[in-house]
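Undergrad: To be precise about what I am sending: the file is called work_28.tsv and holds TSV, C-alpha atoms and all ligand atoms.
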chain	number	residue	atom	x	y	z
A	1314	MET	CA	-22.62	22.31	58.67
A	1315	LEU	CA	-21.51	19.89	55.96
A	1316	HIS	CA	-23.97	17.82	54.01
A	1317	PRO	CA	-23.72	16.08	50.66
A	1318	ILE	CA	-26.21	17.20	48.00
A	1319	GLU	CA	-27.23	14.26	45.86
A	1320	LEU	CA	-29.35	15.24	42.88
A	1321	PRO	CA	-30.94	13.09	40.17
A	1322	LEU	CA	-28.76	12.92	37.03
A	1323	LYS	CA	-31.64	13.21	34.59
A	1324	ILE	CA	-35.30	14.18	34.75
A	1325	VAL	CA	-37.49	13.54	31.71
A	1326	ILE	CA	-40.95	15.11	31.85
A	1327	GLY	CA	-43.51	15.19	29.08
A	1328	ASP	CA	-46.01	13.37	26.90
A	1329	ASN	CA	-44.85	9.86	26.05
A	1330	ALA	CA	-41.79	10.31	28.28
A	1331	LEU	CA	-41.72	6.52	28.67
A	1332	ASN	CA	-40.29	6.35	25.16
A	1333	ALA	CA	-37.15	8.11	26.42
A	1334	LEU	CA	-36.31	5.05	28.56
A	1335	PRO	CA	-34.17	3.11	26.04
A	1336	ASP	CA	-31.79	6.05	25.54
A	1337	LEU	CA	-31.77	6.79	29.24
A	1338	LEU	CA	-30.93	3.19	30.22
A	1339	THR	CA	-28.19	3.12	27.60
A	1340	GLU	CA	-26.75	6.34	29.04
A	1341	LEU	CA	-26.88	4.77	32.51
A	1342	GLY	CA	-24.78	1.88	31.18
A	1343	VAL	CA	-27.36	-0.84	31.87
A	1344	LYS	CA	-28.22	-1.79	28.25
A	1345	GLY	CA	-28.55	-5.58	28.05
A	1346	LYS	CA	-28.21	-5.92	31.83
A	1347	GLN	CA	-30.57	-7.41	34.39
A	1348	THR	CA	-33.11	-4.93	35.80
A	1349	VAL	CA	-35.91	-5.31	38.33
A	1350	VAL	CA	-39.20	-3.40	38.02
A	1351	ILE	CA	-41.29	-2.97	41.17
A	1352	SER	CA	-44.93	-2.21	40.41
A	1353	GLY	CA	-48.41	-2.72	41.85
A	1354	PRO	CA	-51.29	-4.74	40.36
A	1355	ASN	CA	-53.50	-1.86	39.16
A	1356	VAL	CA	-50.68	0.04	37.53
A	1357	TRP	CA	-49.29	-3.09	35.92
A	1358	ARG	CA	-52.71	-4.04	34.55
A	1359	LYS	CA	-53.11	-0.57	33.06
A	1360	PHE	CA	-49.59	0.24	31.83
A	1361	GLY	CA	-47.57	-2.97	32.16
A	1362	GLU	CA	-47.64	-3.80	28.45
A	1363	GLN	CA	-46.58	-0.26	27.57
A	1364	LEU	CA	-43.55	-0.48	29.86
A	1365	ARG	CA	-42.73	-4.01	28.73
A	1366	ALA	CA	-42.73	-2.90	25.08
A	1367	VAL	CA	-40.27	-0.11	25.86
A	1368	LEU	CA	-37.98	-2.19	28.09
A	1369	GLU	CA	-37.80	-5.57	26.39
A	1370	ASP	CA	-35.36	-4.61	23.63
A	1371	VAL	CA	-33.03	-2.75	26.01
A	1372	VAL	CA	-32.70	-4.75	29.23
A	1373	GLU	CA	-33.43	-8.14	30.72
A	1374	PHE	CA	-36.09	-7.43	33.28
A	1375	GLU	CA	-38.07	-9.09	36.00
A	1376	LYS	CA	-41.25	-7.50	37.37
A	1377	LEU	CA	-41.90	-7.90	41.11
A	1378	ASP	CA	-45.08	-7.02	42.94
A	1379	ALA	CA	-45.38	-3.88	45.10
A	1380	LYS	CA	-47.72	-5.59	47.54
A	1381	GLU	CA	-47.65	-3.18	50.47
A	1382	ALA	CA	-45.67	-0.19	51.71
A	1383	SER	CA	-44.29	-1.82	54.86
A	1384	THR	CA	-40.75	-2.38	56.15
A	1385	VAL	CA	-41.42	-6.09	56.55
A	1386	TYR	CA	-42.41	-6.43	52.91
A	1387	ALA	CA	-39.59	-4.10	51.76
A	1388	GLU	CA	-37.04	-6.36	53.51
A	1389	GLU	CA	-38.58	-9.48	51.96
A	1390	LEU	CA	-38.58	-7.82	48.54
A	1391	SER	CA	-34.92	-6.80	48.93
A	1392	GLU	CA	-33.96	-10.45	49.44
A	1393	THR	CA	-35.97	-11.53	46.38
A	1394	VAL	CA	-34.40	-8.79	44.27
A	1395	ARG	CA	-30.91	-9.80	45.45
A	1396	GLU	CA	-31.40	-13.22	43.83
A	1397	TYR	CA	-31.69	-11.60	40.40
A	1398	SER	CA	-28.37	-9.70	40.82
A	1399	PRO	CA	-29.76	-6.70	38.96
A	1400	ARG	CA	-27.79	-3.61	37.94
A	1401	LEU	CA	-30.80	-1.29	38.36
A	1402	VAL	CA	-34.09	-1.08	40.24
A	1403	ILE	CA	-37.09	0.69	38.68
A	1404	GLY	CA	-40.09	1.87	40.71
A	1405	PHE	CA	-43.16	2.11	38.46
A	1406	GLY	CA	-46.34	3.32	40.16
A	1407	GLY	CA	-47.60	5.52	42.96
A	1408	GLY	CA	-45.78	6.34	46.19
A	1409	LYS	CA	-45.92	2.72	47.37
A	1410	SER	CA	-43.97	1.31	44.41
A	1411	ILE	CA	-41.50	4.21	44.30
A	1412	ASP	CA	-40.79	3.95	48.04
A	1413	LEU	CA	-40.33	0.17	47.89
A	1414	ALA	CA	-37.94	0.54	44.95
A	1415	LYS	CA	-35.96	3.27	46.76
A	1416	TYR	CA	-35.67	1.08	49.84
A	1417	VAL	CA	-34.57	-2.00	47.89
A	1418	ALA	CA	-32.00	0.10	45.98
A	1419	TYR	CA	-30.70	1.48	49.27
A	1420	LYS	CA	-30.37	-1.98	50.83
A	1421	LEU	CA	-28.65	-3.49	47.77
A	1422	ARG	CA	-26.60	-0.35	46.93
A	1423	LEU	CA	-28.06	-0.10	43.44
A	1424	PRO	CA	-29.12	2.86	41.33
A	1425	MET	CA	-32.85	3.48	41.17
A	1426	VAL	CA	-35.03	4.98	38.45
A	1427	SER	CA	-38.36	6.50	39.46
A	1428	ILE	CA	-41.26	6.25	37.00
A	1429	PRO	CA	-44.22	7.74	38.87
A	1430	THR	CA	-47.70	7.02	37.53
A	1431	SER	CA	-49.49	9.43	39.87
A	1432	PRO	CA	-48.59	12.95	41.01
A	1433	SER	CA	-49.72	12.20	44.57
A	1434	HIS	CA	-46.81	13.60	46.64
A	1435	ASP	CA	-43.29	14.93	46.42
A	1436	GLY	CA	-41.48	11.66	47.19
A	1437	ILE	CA	-41.24	10.98	43.43
A	1438	ALA	CA	-37.77	12.48	43.08
A	1439	SER	CA	-36.56	12.82	46.67
A	1440	PRO	CA	-34.13	10.58	48.60
A	1441	PHE	CA	-36.75	9.94	51.31
A	1442	THR	CA	-38.88	6.86	51.85
A	1443	SER	CA	-41.98	6.43	53.94
A	1444	LEU	CA	-42.98	2.89	54.92
A	1445	LYS	CA	-45.12	1.49	57.70
A	1446	GLY	CA	-43.01	-0.13	60.37
A	1447	PHE	CA	-40.11	2.29	60.84
A	1448	ASP	CA	-39.62	3.26	64.51
A	1449	LYS	CA	-41.03	6.69	63.71
A	1450	PRO	CA	-44.03	7.63	61.55
A	1451	PHE	CA	-42.03	9.80	59.12
A	1452	SER	CA	-39.70	9.22	56.20
A	1453	ILE	CA	-36.09	8.00	56.34
A	1454	ARG	CA	-33.27	8.79	53.95
A	1455	THR	CA	-32.62	6.07	51.35
A	1456	VAL	CA	-31.43	6.90	47.79
A	1457	THR	CA	-31.94	9.78	45.40
A	1458	PRO	CA	-33.38	8.35	42.17
A	1459	VAL	CA	-30.64	8.50	39.55
A	1460	ALA	CA	-33.32	9.45	37.01
A	1461	ILE	CA	-37.00	10.32	36.96
A	1462	VAL	CA	-39.25	9.62	33.98
A	1463	ALA	CA	-42.50	11.51	34.42
A	1464	ASP	CA	-44.85	10.56	31.60
A	1465	ILE	CA	-47.61	13.16	31.64
A	1466	ASP	CA	-50.00	10.98	29.60
A	1467	ILE	CA	-49.77	8.30	32.27
A	1468	MET	CA	-49.72	10.61	35.29
A	1469	SER	CA	-52.74	12.61	34.14
A	1470	SER	CA	-54.74	9.37	33.95
A	1471	ALA	CA	-54.34	8.80	37.71
A	1472	PRO	CA	-57.49	9.02	39.84
A	1473	ILE	CA	-58.35	12.71	40.43
A	1474	ARG	CA	-58.11	12.22	44.19
A	1475	LEU	CA	-54.41	11.33	43.88
A	1476	ILE	CA	-53.81	14.39	41.67
A	1477	ARG	CA	-55.47	16.75	44.13
A	1478	ALA	CA	-53.55	15.15	47.02
A	1479	GLY	CA	-50.27	15.92	45.24
A	1480	ALA	CA	-51.29	19.57	45.04
A	1481	GLY	CA	-52.17	19.47	48.76
A	1482	ASP	CA	-48.66	18.21	49.56
A	1483	LEU	CA	-47.26	21.28	47.77
A	1484	VAL	CA	-49.60	23.82	49.40
A	1485	ALA	CA	-48.25	22.42	52.69
A	1486	LYS	CA	-44.89	24.07	51.95
A	1487	LEU	CA	-46.47	27.40	52.96
A	1488	THR	CA	-46.38	26.38	56.61
A	1489	ALA	CA	-43.41	23.99	56.38
A	1490	ILE	CA	-41.21	26.93	55.41
A	1491	ARG	CA	-42.59	29.14	58.18
A	1492	ASP	CA	-41.81	26.38	60.69
A	1493	TRP	CA	-38.27	26.01	59.36
A	1494	LYS	CA	-37.63	29.75	59.62
A	1495	LEU	CA	-39.05	29.74	63.14
A	1496	ALA	CA	-36.76	26.88	64.17
A	1497	HIS	CA	-33.83	28.81	62.74
A	1498	ARG	CA	-34.68	31.96	64.67
A	1499	LEU	CA	-35.60	30.29	67.94
A	1500	LYS	CA	-33.33	27.27	68.00
A	1501	GLY	CA	-30.48	28.22	65.70
A	1502	GLU	CA	-31.29	25.36	63.36
A	1503	TYR	CA	-29.60	25.39	59.95
A	1504	TYR	CA	-31.86	27.18	57.45
A	1505	GLY	CA	-31.18	26.89	53.75
A	1506	GLU	CA	-32.74	29.92	52.14
A	1507	TYR	CA	-32.38	28.61	48.60
A	1508	ALA	CA	-34.02	25.26	49.41
A	1509	ALA	CA	-36.77	27.09	51.29
A	1510	LYS	CA	-37.46	29.43	48.36
A	1511	LEU	CA	-37.52	26.52	45.94
A	1512	ALA	CA	-40.06	24.62	48.04
A	1513	LEU	CA	-42.15	27.77	48.42
A	1514	LEU	CA	-42.07	28.33	44.68
A	1515	SER	CA	-43.59	24.89	44.14
A	1516	ALA	CA	-46.49	25.88	46.43
A	1517	LYS	CA	-47.01	29.22	44.68
A	1518	HIS	CA	-46.92	27.50	41.32
A	1519	VAL	CA	-49.79	25.12	42.15
A	1520	ILE	CA	-51.77	27.91	43.80
A	1521	GLU	CA	-51.63	29.84	40.54
A	1522	TYR	CA	-53.03	26.86	38.63
A	1523	ALA	CA	-55.33	25.56	41.39
A	1524	ALA	CA	-58.57	25.50	39.41
A	1525	GLU	CA	-56.98	23.73	36.43
A	1526	ILE	CA	-55.23	21.15	38.63
A	1527	GLY	CA	-58.46	20.61	40.56
A	1528	ARG	CA	-60.18	19.70	37.28
A	1529	GLY	CA	-57.34	17.36	36.39
A	1530	ALA	CA	-56.60	19.28	33.17
A	1531	LYS	CA	-53.68	17.59	31.43
A	1532	GLU	CA	-51.66	20.78	30.85
A	1533	ALA	CA	-51.97	21.58	34.58
A	1534	ILE	CA	-50.69	18.11	35.55
A	1535	ARG	CA	-47.36	19.06	34.02
A	1536	VAL	CA	-47.30	22.16	36.25
A	1537	LEU	CA	-48.05	19.96	39.26
A	1538	VAL	CA	-45.40	17.39	38.37
A	1539	GLU	CA	-42.77	20.10	37.90
A	1540	GLY	CA	-43.74	21.47	41.32
A	1541	LEU	CA	-43.39	18.02	42.91
A	1542	VAL	CA	-39.99	17.51	41.33
A	1543	SER	CA	-38.90	20.98	42.41
A	1544	SER	CA	-39.96	20.29	46.01
A	1545	SER	CA	-38.06	16.98	45.86
A	1546	VAL	CA	-34.98	18.84	44.66
A	1547	ALA	CA	-35.40	21.31	47.54
A	1548	MET	CA	-35.17	18.32	49.91
A	1549	CYS	CA	-32.08	17.03	48.07
A	1550	ILE	CA	-30.45	20.43	48.52
A	1551	ALA	CA	-31.43	20.78	52.17
A	1552	GLY	CA	-30.33	17.21	52.91
A	1553	SER	CA	-33.56	16.67	54.85
A	1554	THR	CA	-37.31	16.93	54.41
A	1555	ARG	CA	-37.29	20.23	56.36
A	1556	PRO	CA	-38.30	22.45	53.41
A	1557	ALA	CA	-41.23	20.16	52.67
A	1558	SER	CA	-42.46	19.01	56.05
A	1559	GLY	CA	-43.41	21.04	59.15
A	1560	SER	CA	-46.23	21.11	61.68
A	1561	GLU	CA	-48.87	20.33	59.02
A	1562	HIS	CA	-47.01	17.08	58.28
A	1563	LEU	CA	-46.75	16.33	62.02
A	1564	PHE	CA	-50.55	16.61	62.18
A	1565	SER	CA	-50.87	14.13	59.30
A	1566	HIS	CA	-48.34	11.75	60.88
A	1567	ALA	CA	-50.35	11.94	64.13
A	1568	LEU	CA	-53.51	10.97	62.24
A	1569	ASP	CA	-51.62	8.03	60.70
A	1570	VAL	CA	-50.48	6.89	64.15
A	1571	LEU	CA	-53.95	7.15	65.67
A	1572	ALA	CA	-56.02	5.89	62.73
A	1573	PRO	CA	-53.92	4.66	59.80
A	1574	GLY	CA	-55.24	4.82	56.26
A	1575	ARG	CA	-58.16	7.19	56.71
A	1576	ALA	CA	-57.16	9.64	53.96
A	1577	LEU	CA	-54.35	10.34	51.53
A	1578	HIS	CA	-51.13	11.99	52.72
A	1579	GLY	CA	-51.70	15.14	50.67
A	1580	GLU	CA	-55.31	15.47	51.85
A	1581	GLN	CA	-54.26	15.27	55.50
A	1582	VAL	CA	-51.35	17.71	55.25
A	1583	ALA	CA	-53.62	20.14	53.39
A	1584	LEU	CA	-56.06	20.18	56.31
A	1585	GLY	CA	-53.09	20.64	58.63
A	1586	THR	CA	-51.89	23.59	56.56
A	1587	ILE	CA	-55.12	25.53	57.18
A	1588	MET	CA	-54.76	25.08	60.94
A	1589	MET	CA	-51.00	25.64	61.17
A	1590	MET	CA	-51.32	28.80	59.06
A	1591	TYR	CA	-53.81	30.09	61.63
A	1592	LEU	CA	-51.27	29.41	64.41
A	1593	HIS	CA	-48.58	31.21	62.42
A	1594	GLY	CA	-50.88	34.23	62.14
A	1595	GLY	CA	-50.91	33.95	58.34
A	1596	ASN	CA	-53.75	34.10	55.84
A	1597	TRP	CA	-55.36	30.75	56.63
A	1598	LYS	CA	-58.59	31.74	54.87
A	1599	ARG	CA	-56.66	32.05	51.63
A	1600	VAL	CA	-55.19	28.58	52.15
A	1601	ARG	CA	-58.71	27.25	52.70
A	1602	LYS	CA	-60.00	28.91	49.53
A	1603	THR	CA	-57.08	27.50	47.53
A	1604	LEU	CA	-57.84	23.98	48.77
A	1605	ILE	CA	-61.48	24.42	47.76
A	1606	ARG	CA	-60.35	25.52	44.27
A	1607	LEU	CA	-58.20	22.41	44.13
A	1608	GLY	CA	-61.21	20.28	45.01
A	1609	LEU	CA	-59.61	19.18	48.29
A	1610	PRO	CA	-61.75	18.60	51.39
A	1611	VAL	CA	-61.46	21.35	54.02
A	1612	LYS	CA	-63.56	19.54	56.61
A	1613	ALA	CA	-62.20	16.53	58.45
A	1614	ARG	CA	-65.50	14.66	58.25
A	1615	ASP	CA	-65.37	14.79	54.43
A	1616	LEU	CA	-62.24	12.66	54.74
A	1617	GLY	CA	-63.93	10.24	57.14
A	1618	ILE	CA	-62.02	11.71	60.08
A	1619	GLU	CA	-64.06	12.36	63.21
A	1620	ASP	CA	-63.73	15.61	65.21
A	1621	GLU	CA	-62.25	13.87	68.27
A	1622	LEU	CA	-59.52	12.36	66.12
A	1623	VAL	CA	-58.53	15.77	64.76
A	1624	ILE	CA	-58.27	17.18	68.27
A	1625	LYS	CA	-56.32	14.20	69.60
A	1626	ALA	CA	-53.92	14.36	66.64
A	1627	LEU	CA	-53.33	18.07	67.26
A	1628	THR	CA	-52.45	17.38	70.89
A	1629	ILE	CA	-49.88	14.65	70.16
A	1630	ALA	CA	-48.34	15.98	66.92
A	1631	HIS	CA	-45.48	17.90	68.62
A	1632	ARG	CA	-44.24	14.70	70.30
A	1633	LEU	CA	-43.68	12.69	67.15
A	1634	ARG	CA	-40.47	14.38	66.02
A	1635	PRO	CA	-38.93	16.24	68.94
A	1636	ASN	CA	-35.91	17.35	66.86
A	1637	ARG	CA	-38.10	19.16	64.36
A	1638	TYR	CA	-39.18	22.37	66.09
A	1639	THR	CA	-42.41	23.87	64.73
A	1640	ILE	CA	-45.14	26.34	65.67
A	1641	LEU	CA	-46.54	23.60	67.92
A	1642	GLY	CA	-43.61	24.25	70.26
A	1643	GLU	CA	-42.20	21.81	72.77
A	1644	SER	CA	-45.33	21.37	74.86
A	1645	GLY	CA	-47.87	21.30	72.04
A	1646	LEU	CA	-51.55	22.19	72.29
A	1647	THR	CA	-53.94	21.49	75.13
A	1648	TRP	CA	-57.19	19.70	74.27
A	1649	GLU	CA	-59.08	23.00	74.61
A	1650	ALA	CA	-56.64	24.94	72.40
A	1651	ALA	CA	-56.70	22.18	69.79
A	1652	GLU	CA	-60.49	22.10	69.74
A	1653	ARG	CA	-60.66	25.88	69.41
A	1654	LEU	CA	-58.13	25.86	66.57
A	1655	ALA	CA	-59.98	23.16	64.63
A	1656	ARG	CA	-63.35	24.93	65.12
A	1657	ILE	CA	-62.19	28.45	64.26
A	1658	THR	CA	-60.64	27.22	61.02
A	1659	GLY	CA	-63.76	25.20	60.17
A	1660	VAL	CA	-61.89	21.88	60.05
A	1661	ILE	CA	-64.44	20.60	62.55
A	1662	ASP	CA	-67.94	22.01	63.22
B	1701	LIG	N1	-41.43	9.20	50.07
B	1701	LIG	C1	-42.14	10.21	50.51
B	1701	LIG	O1	-41.66	11.32	50.70
B	1701	LIG	C2	-43.60	10.01	50.80
B	1701	LIG	C3	-44.16	8.77	50.70
B	1701	LIG	N2	-45.49	8.57	50.99
B	1701	LIG	C4	-45.99	7.19	50.87
B	1701	LIG	O2	-46.52	6.98	49.58
B	1701	LIG	C5	-47.58	6.03	49.65
B	1701	LIG	C6	-48.83	6.61	49.07
B	1701	LIG	O3	-48.60	6.93	47.72
B	1701	LIG	P1	-49.82	7.15	46.74
B	1701	LIG	O4	-49.26	7.46	45.40
B	1701	LIG	O5	-50.78	8.10	47.34
B	1701	LIG	O6	-50.57	5.75	46.79
B	1701	LIG	P2	-50.27	4.31	46.17
B	1701	LIG	O7	-48.92	4.15	45.61
B	1701	LIG	O8	-50.71	3.35	47.21
B	1701	LIG	O9	-51.31	4.30	44.97
B	1701	LIG	C7	-52.70	4.44	45.24
B	1701	LIG	C8	-53.50	3.64	44.24
B	1701	LIG	O10	-53.46	4.28	42.96
B	1701	LIG	C9	-53.09	3.34	41.97
B	1701	LIG	N3	-52.47	4.10	40.88
B	1701	LIG	C10	-51.30	4.76	40.83
B	1701	LIG	N4	-51.15	5.38	39.64
B	1701	LIG	C11	-52.27	5.12	38.93
B	1701	LIG	C12	-52.73	5.49	37.64
B	1701	LIG	N5	-52.02	6.27	36.81
B	1701	LIG	N6	-53.93	5.02	37.23
B	1701	LIG	C13	-54.67	4.24	38.04
B	1701	LIG	N7	-54.31	3.86	39.27
B	1701	LIG	C14	-53.11	4.30	39.71
B	1701	LIG	C15	-52.22	2.34	42.70
B	1701	LIG	O11	-52.16	1.12	42.04
B	1701	LIG	P3	-51.14	-0.08	42.46
B	1701	LIG	O12	-51.78	-0.75	43.63
B	1701	LIG	O13	-51.05	-0.91	41.26
B	1701	LIG	O14	-49.84	0.56	42.85
B	1701	LIG	C16	-52.95	2.23	44.03
B	1701	LIG	O15	-54.03	1.34	43.94
B	1701	LIG	C17	-47.77	5.68	51.11
B	1701	LIG	O16	-47.09	4.46	51.36
B	1701	LIG	C18	-47.11	6.84	51.83
B	1701	LIG	O17	-46.62	6.46	53.09
B	1701	LIG	C19	-46.29	9.63	51.32
B	1701	LIG	C20	-45.76	10.88	51.39
B	1701	LIG	C21	-44.39	11.19	51.18
B	1702	LIG	O1	-44.02	14.04	53.00
B	1702	LIG	C1	-42.91	14.48	53.03
B	1702	LIG	C2	-42.57	15.72	52.33
B	1702	LIG	O2	-43.65	16.20	51.60
B	1702	LIG	C3	-41.87	13.80	53.84
B	1702	LIG	O3	-41.98	14.32	55.10
B	1702	LIG	P1	-41.64	13.52	56.43
B	1702	LIG	O4	-40.15	13.58	56.56
B	1702	LIG	O5	-42.34	14.32	57.48
B	1702	LIG	O6	-42.14	12.14	56.30
B	1703	ZN	ZN	-45.56	15.36	52.18
As structure tokens, what does this structure read like?
TA:
Amino acid sequence: MLHPIELPLKIVIGDNALNALPDLLTELGVKGKQTVVISGPNVWRKFGEQLRAVLEDVVEFEKLDAKEASTVYAEELSETVREYSPRLVIGFGGGKSIDLAKYVAYKLRLPMVSIPTSPSHDGIASPFTSLKGFDKPFSIRTVTPVAIVADIDIMSSAPIRLIRAGAGDLVAKLTAIRDWKLAHRLKGEYYGEYAAKLALLSAKHVIEYAAEIGRGAKEAIRVLVEGLVSSSVAMCIAGSTRPASGSEHLFSHALDVLAPGRALHGEQVALGTIMMMYLHGGNWKRVRKTLIRLGLPVKARDLGIEDELVIKALTIAHRLRPNRYTILGESGLTWEAAERLARITGVID
């Protein structure tokens, strides 16, 4: 099978990484050119002046609001951005701002720079975008960010819940990889061993530093961010989200379909990982303990998700992405099997 591997050209990670932007933009050939920054209100209030100070001597820039992560808004934003005829789009914020910037860049065929302000999931450096309103509840391919600037001072100031969720998205690779291998063996699906190992490494890395990440310790945030970037790169190499998303993600997508916005992506996939690891016959108790060390909820009700919703989501998850074979199989779980699974693993009482 042939697929193009598109990787970021440059990744800058570290304290005060924002200060590397002038050199980076010069290298990208956009010095003095028009640039659009897409950012949300909270992030802009907190860090807007800092970014403005770094950008204003290098590029002409316009800041546009990341109002909501929907396709309707992303289309509207693309048309607004077009009017500025920019040479570059910058996403500055959490997943919402990064995804909107990726989508706009994709629509207008522009390069995109990702400046994440929270380590909340592994979309920060991947070519995949997740917005409400696509036909399906999962990500679509847009553009690989040409560069990523991960300022650890800024990212470690994100709310602790977002930090823990990012770690949850990496622990999820434990079952995502098992699902991919299973699909390879049972269905002959392409399996990229290198991409799989890279994604798995990102999970092992956060597991090793779980307690420190759970406390939000600054030195551990760097570990987490490197893991998120490495998982993103695994997706770039695989050409799909396969190394990063399996049955545990299907469970989270099912929750989003049934009851949008209950919990964060990483929190939901983490819960899914406990249950899917049980189905795979792996050490699900160890997954559960790791999530507790990370400070992540291991009970659905602690995320405001009722028991019935967990069971319903488990029964519909297999239908959401029929081309992505997982441990849930083609016919999925019955209500009784789903309830048993959720109870045995302690996700519901
Ligand atoms: N592309 C992909 O692969 C994936 C994408 N997603 C998508 O990502 C989005 C969720 O991303 P997520 O990052 O969790 O949430 P958001 O981008 O919605 O950010 C959550 C909140 O945190 C704020 N925030 C971000 N950084 C900081 C900071 N350093 N300090 C204080 N506040 C901060 C945001 O402010 P503000 O409002 O100003 O932005 C916002 O209010 C969803 O749309 C989801 O669908 C999820 C998984 C994978
Ligand atoms: O969240 C992701 C990877 O962590 C993206 O996965 P999906 O392709 O299932 O949306
Ligand atoms: Zn994910």
Undergrad: Kindly indicate which residue among A:Ile1640, A:Ile1326, A:Arg1400, A:Gly1574 lies nearest to Gly1594 in chain A, using all atoms listed in the file for the distances.
TA: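 Smallest separation from Gly1594 in chain A among the options: A:Ile1640.
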Undergrad: Ligand LIG 1702 (chain B): which residues are within 6 Å, counting all atoms listed in the file? Reply as a PyMOL selection string.
TA: chain A and resi 1435+1451-1452+1482+1554+1557-1558+1562
Undergrad: For ligand ZN 1703 (chain B), which of A:Leu1541, A:Val1402, A:Leu1338, A:Ile1520 is the closest residue, counting only C-alpha atoms and all ligand atoms?
TA: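 Nearest candidate to ligand ZN 1703 (chain B) out of A:Leu1541, A:Val1402, A:Leu1338, A:Ile1520: A:Leu1541.
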Undergrad: Mind giving me the straight-line distance from CA of Leu1401 in chain A to CA of Ala1463 in chain A in Å, one decimal?
TA: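 Separation of CA of Leu1401 in chain A and CA of Ala1463 in chain A: 17.8 Å.
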Undergrad: Could you pull out the residues sitting within 10 Å of ligand ZN 1703 (chain B), using all atoms listed in the file, and write them as an MDAnalysis selection string?
TA: chainID A and resid 1433:1436 1443 1451:1452 1478:1479 1481:1486 1489 1541 1544:1545 1554 1557:1559 1561:1563 1565:1566 1578:1583
Undergrad: For Tyr1504 in chain A, which residue out of A:Ala1460, A:Ala1551, A:Gly1353, A:Glu1525 is the nearest one, using all atoms listed in the file?
TA: A:Ala1551
Undergrad: Hey, which residues come within 6 Å of ligand LIG 1701 (chain B) if we count only C-alpha atoms and all ligand atoms? Could you give them as JSON, numbers by chain?
TA: {"A": [1353, 1354, 1355, 1356, 1382, 1406, 1407, 1408, 1409, 1410, 1412, 1430, 1431, 1433, 1434, 1435, 1436, 1441, 1442, 1443, 1444, 1467, 1468, 1470, 1471, 1472, 1475, 1577, 1578]}
Undergrad: For a quick check of understanding, using only C-alpha atoms, which of A:Pro1432, A:Gly1552, A:Gly1617, A:Gly1642 has the smallest distance to Ala1533 in chain A?
TA: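 Residue with the minimum atom-to-atom distance to Ala1533 in chain A: A:Pro1432.
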Undergrad: What does the distance between CA of Thr1628 in chain A and CA of Leu1646 in chain A come to in Å, to one decimal place?
TA: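 Rounded to one decimal, the two atoms are 5.1 Å apart.
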Undergrad: Please list as a list in words every residue within 9 Å of Cys1549 in chain A, counting all atoms listed in the file and excluding residues in the same chain fewer than 4 positions away.
TA: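 My list of contacting residues is Pro1317, Ile1318, Glu1319, Leu1320, Pro1321, Ala1438, Ser1439, Pro1440, Thr1457, Ala1508, Ser1544, Ser1545, Ser1553 and Thr1554 of chain A.
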Undergrad: Compare A:Arg1575, A:Lys1494, A:Arg1606, A:Arg1653 by their minimum atom-to-atom distance to Glu1619 in chain A, counting all atoms listed in the file, and give me the closest one.
TA: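 Checking each candidate against Glu1619 in chain A, we get A:Arg1575 as the closest.
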